[in-house]
Amino acid sequence: MEYGNTAIIFMVVAVVSCVLALSFFGVYYLNKIVDQNAPEGGSVRKT
Amino acid sequence: MHLIPQSSSHFHLLVSIFPSIGLIFVLGFYATAFAADNEPMKRSCLVLFAILGLLAIPTYVSGDRSMAVLSQDAKISQDLMTTHFGWGITSLALLVLTGATALIELWRSRRAERLSNDALHLVLGLAIVSLALMAIAGEIGWEINHHELRLDPATQRTPQAWSHAHIILNHFPTVGFVFALVVYIAALVMNNVVMKRASLVLFVICAILGVPTYVTGAASMWALTGVPGISRAVINAHRDMALLTLFGLAFTGVTAWIELWRFRHLGRFSNRSLYLVVAFAIITLGVMAETGHRGGQINHPEIRVAIDALPTDPKAGWSPAIESLINHVIWFVPWQTVHFFGFSLIFGTALAVSLRVLGFWKSMPFSAVHRILPLGVFGVVMNVFSGMLILFADSSRYLNATTFAPKIALITIGAIAVLYFSLSERLWTVKAGEDAPMSAKWVAAVVLLSWAGVIMGGRLISYV
């Protein structure tokens with residue numbers, strides 16, 4: 001089956017956006033957990 | 001498919017990998033117990049040595065009966081079997097001695113209330129010598145059934161070294177998970193932090209080893225294609241389960257690594273996450289057991305029983321379907337693009353963390369750069385899956401490329417080295433303005449060079 005350029009570009013943007021969004025959210029969420037549960041009033045910057 | 005062995009040959013295949021490969025993992029835990037000077041962990045390892053010593057008995061008995069069965073097969077070399085028996089019995093005898101010494105020390109220390117360093121070192125020495133002998137016995141043992149290792153390399157579609165590596169490597173994640181799970185559950189019961197961290201590390205290492213195991217498996221498929229007596233349909237059934245195993249290893253490994261990363265910042269574990277690791281590990285171990293069993297059926301006709309309904313359609317299953325799908329440009333190009341983004345994340349993170357360790361940006365404490373590590377780990381996950389899909393597209397070509405093997409080896413080295421950043425106590429205490437210890441600088445250099453090599457190896461595949 002032949003695919004048009006528009007379809008290929010759409011798939012690239014869609015797949016990459018989903019994967020990157022998941023990764024960035026994961027990093028944001030993990031750092032948020034660390035901030036919220038950090039000893040001494042929520043600051044791990046002292047360590 | 002039957003997982004419970006119904007013959008001595010089948011039982012020998014299963015039980016014999018524990019004294020050999022298992023000994024490596026127990027030695028790893030034992031070394032960690034010495035490094036951390038953790039008495040409960042040393043005692044747990046002595047119990048494991050004793051269990052391995054006991055396992056030497058069924059290994060010997062099943063091996064002896066297996067020899068009697070295999071002697072009737074004209075394709076099996078009697079000389080190889082006799083040599084394997086000689087090395088095997090010597091190594092098993094030494095393992096029994098190791099287990100007995102461990103048991104005596106455990107019994108003695110109950111009265112003395114402390115472990116004797118001399119006895120602990122004696123167990124260590126005996127175990128190392130047993131392992132060396134086991135390696136020889138194991139290598140000869142694998143050659144008994146794997147005729148493809150003796151085929152003319154000119155007639156095979158992938159290098160022999162790949163198949164050989166797969167036969168050895170595939171046991172590491174499986175046996176490693178058993179030992180990691182046993183020590184992990186013991187650690188949860190005993191509430192021992194060092195044991196929890198050590199078993200989480202082993203889960204991560206097993207997950208990383210899943211990558212070269214999967215890749216070498218794809219190469220073994222090509223090496224066995226066309227060999228008389230080997231069914232491509234049985235190979236594909238094994239590949240399908242191997243795909244699920246890769247997912248299971250990734251889920252367990254990433255969850256375990258996140259817990260190690262979080263522990264570094266907070267100094268404590270989350271109980272919910274710890275039990276999530278147990279759940280993932282048990283499911284993954286079940287999938288791996290089935291994968292191993294299907295793999296064993298490819299080349300071990302002696303373990304088949306009458307009720308086994310082996311697959312016959314070489315085009316059935318997920319793997320051939322994914323192969324067909326990923327060869328369409330609309331699926332290949334997006335995942336190839338994801339692969340490039342993954343490398344950017346990995347190398348960007350490795351560069352930032354390694355440069356701080358090497359002495360750049362000293363105004364930041366190490367704990368600040370440690371925060372970005374999950375970005376690199378997510379990059380690794382992205383690339384394992386996108387890389388696996390890309391490999392599906394044209395595995396024979398990739399596996400024969402000169403730079404592909406070094407690339408896979410460097411992925412393994414680079415990923416394991418990154419673990420150091422979340423484990424080293426000295427590195428964690430490096431504050432703003434302070435220099436990192438020299439050992440950390442060496443690790444940072446290894447991390448940077450490995451991931452640079454991975455990217456270069458990948459780009460050169462198309463041209464060298």
# chains A, B, ... in the order shown; residues from 1 in each chain; ligands from 1
>>> residues_around(residues="range 25-28 of chain A", least_positions_apart="5", cutoff="8 Å", atoms="only C-alpha atoms", output="PyMOL selection string")
chain B and resi 372+374-375
>>> write_last_selection(atoms="C-alpha atoms", output="PDB file, in the first residue's frame")
ATOM      1  CA  ILE B 372      17.279  14.410  35.710  1.00  0.00           C
ATOM      2  CA  PRO B 374      14.760   9.428  34.936  1.00  0.00           C
ATOM      3  CA  LEU B 375      14.745  11.308  31.628  1.00  0.00           C
TER       4      LEU B 375
END
>>> closest_atom_pairs(of="range 49-76 of chain B", to="range 145-160 of chain B", cutoff="12 Å", atoms="only C-alpha atoms", output="CSV")
residue,atom,partner,partner_atom,distance
B:Ser66,CA,B:Asn145,CA,11.9
B:Met67,CA,B:Asn145,CA,11.7
B:Leu70,CA,B:Asn145,CA,9.5
B:Ser71,CA,B:Asn145,CA,12.0
B:Asp73,CA,B:Asn145,CA,10.5
B:Ala74,CA,B:Asn145,CA,11.6
B:Lys75,CA,B:His147,CA,8.5
B:Ile76,CA,B:Asn145,CA,7.0
>>> write_last_selection(atoms="C-alpha atoms", output="CSV table (one decimal), in the first residue's frame")
chain,number,residue,atom,x,y,z
B,66,SER,CA,19.8,-38.2,31.2
B,67,MET,CA,23.1,-39.6,30.0
B,70,LEU,CA,20.9,-39.6,25.4
B,71,SER,CA,23.4,-42.5,24.9
B,73,ASP,CA,20.9,-40.9,20.3
B,74,ALA,CA,23.4,-41.3,17.4
B,75,LYS,CA,23.7,-37.5,17.1
B,76,ILE,CA,25.0,-37.1,20.6
>>> closest_atom_pairs(of="chain A", to="chain B", cutoff="9 Å", atoms="only C-alpha atoms", output="CSV")
residue,atom,partner,partner_atom,distance
A:Met1,CA,B:His328,CA,8.1
A:Glu2,CA,B:Val329,CA,8.8
A:Tyr3,CA,B:Ile330,CA,7.0
A:Ala7,CA,B:Ile330,CA,7.4
A:Ile8,CA,B:Ile330,CA,5.3
A:Ile9,CA,B:Pro334,CA,8.4
A:Met11,CA,B:Pro334,CA,6.2
A:Val12,CA,B:Pro334,CA,4.2
A:Val13,CA,B:Pro334,CA,7.6
A:Ala14,CA,B:Pro334,CA,8.3
A:Val15,CA,B:Pro334,CA,6.1
A:Val16,CA,B:Val338,CA,5.6
A:Val19,CA,B:Val338,CA,7.5
A:Leu20,CA,B:Phe341,CA,8.3
A:Ser23,CA,B:Phe378,CA,5.9
A:Phe24,CA,B:Leu375,CA,7.3
A:Gly26,CA,B:Pro374,CA,8.0
A:Val27,CA,B:Pro374,CA,5.9
A:Leu30,CA,B:Arg262,CA,8.0
A:Asn31,CA,B:Arg371,CA,7.0
A:Ile33,CA,B:Arg262,CA,8.6
A:Val34,CA,B:His265,CA,6.7
A:Asn37,CA,B:Leu266,CA,7.1
A:Ala38,CA,B:Leu266,CA,5.7
A:Pro39,CA,B:Leu266,CA,6.8
A:Val44,CA,B:His265,CA,7.0
A:Arg45,CA,B:Ala368,CA,7.1
A:Thr47,CA,B:Ser367,CA,6.7
>>> write_last_selection(atoms="C-alpha atoms", output="compact mmCIF listing (two decimals), in the first residue's frame")
# COMPACT_ATOMS: atom_id res chain seq x y z
CA MET A 1 0.00 0.00 0.00
CA GLU A 2 1.27 3.49 -0.87
CA TYR A 3 1.07 6.20 1.79
CA ALA A 7 -0.09 10.54 6.39
CA ILE A 8 3.57 9.74 7.14
CA ILE A 9 4.24 13.19 8.67
CA MET A 11 2.12 9.50 12.11
CA VAL A 12 5.64 10.73 12.96
CA VAL A 13 4.29 13.77 14.84
CA ALA A 14 1.57 11.73 16.60
CA VAL A 15 3.82 8.83 17.77
CA VAL A 16 6.74 11.07 18.81
CA VAL A 19 6.02 9.01 23.61
CA LEU A 20 7.74 12.28 24.60
CA SER A 23 8.32 10.56 29.31
CA PHE A 24 8.23 14.23 30.32
CA GLY A 26 6.95 10.72 34.13
CA VAL A 27 9.96 12.89 35.01
CA LEU A 30 8.70 11.62 39.93
CA ASN A 31 10.31 14.96 40.82
CA ILE A 33 6.86 13.08 44.53
CA VAL A 34 10.42 13.75 45.70
CA ASN A 37 7.95 13.80 50.45
CA ALA A 38 11.35 15.33 51.02
CA PRO A 39 12.61 15.55 54.60
CA VAL A 44 15.79 18.21 48.95
CA ARG A 45 17.97 21.00 47.63
CA THR A 47 21.08 17.50 50.44
>>> closest_residue(among="B:Ala309, B:Met134, B:Met190, B:Leu274", to="Ser44 in chain B", atoms="only C-alpha atoms")
B:Met190
>>> atom_distance(atom1="CA of Ile307 in chain B", atom2="CA of Thr213 in chain B")
29.6 Å
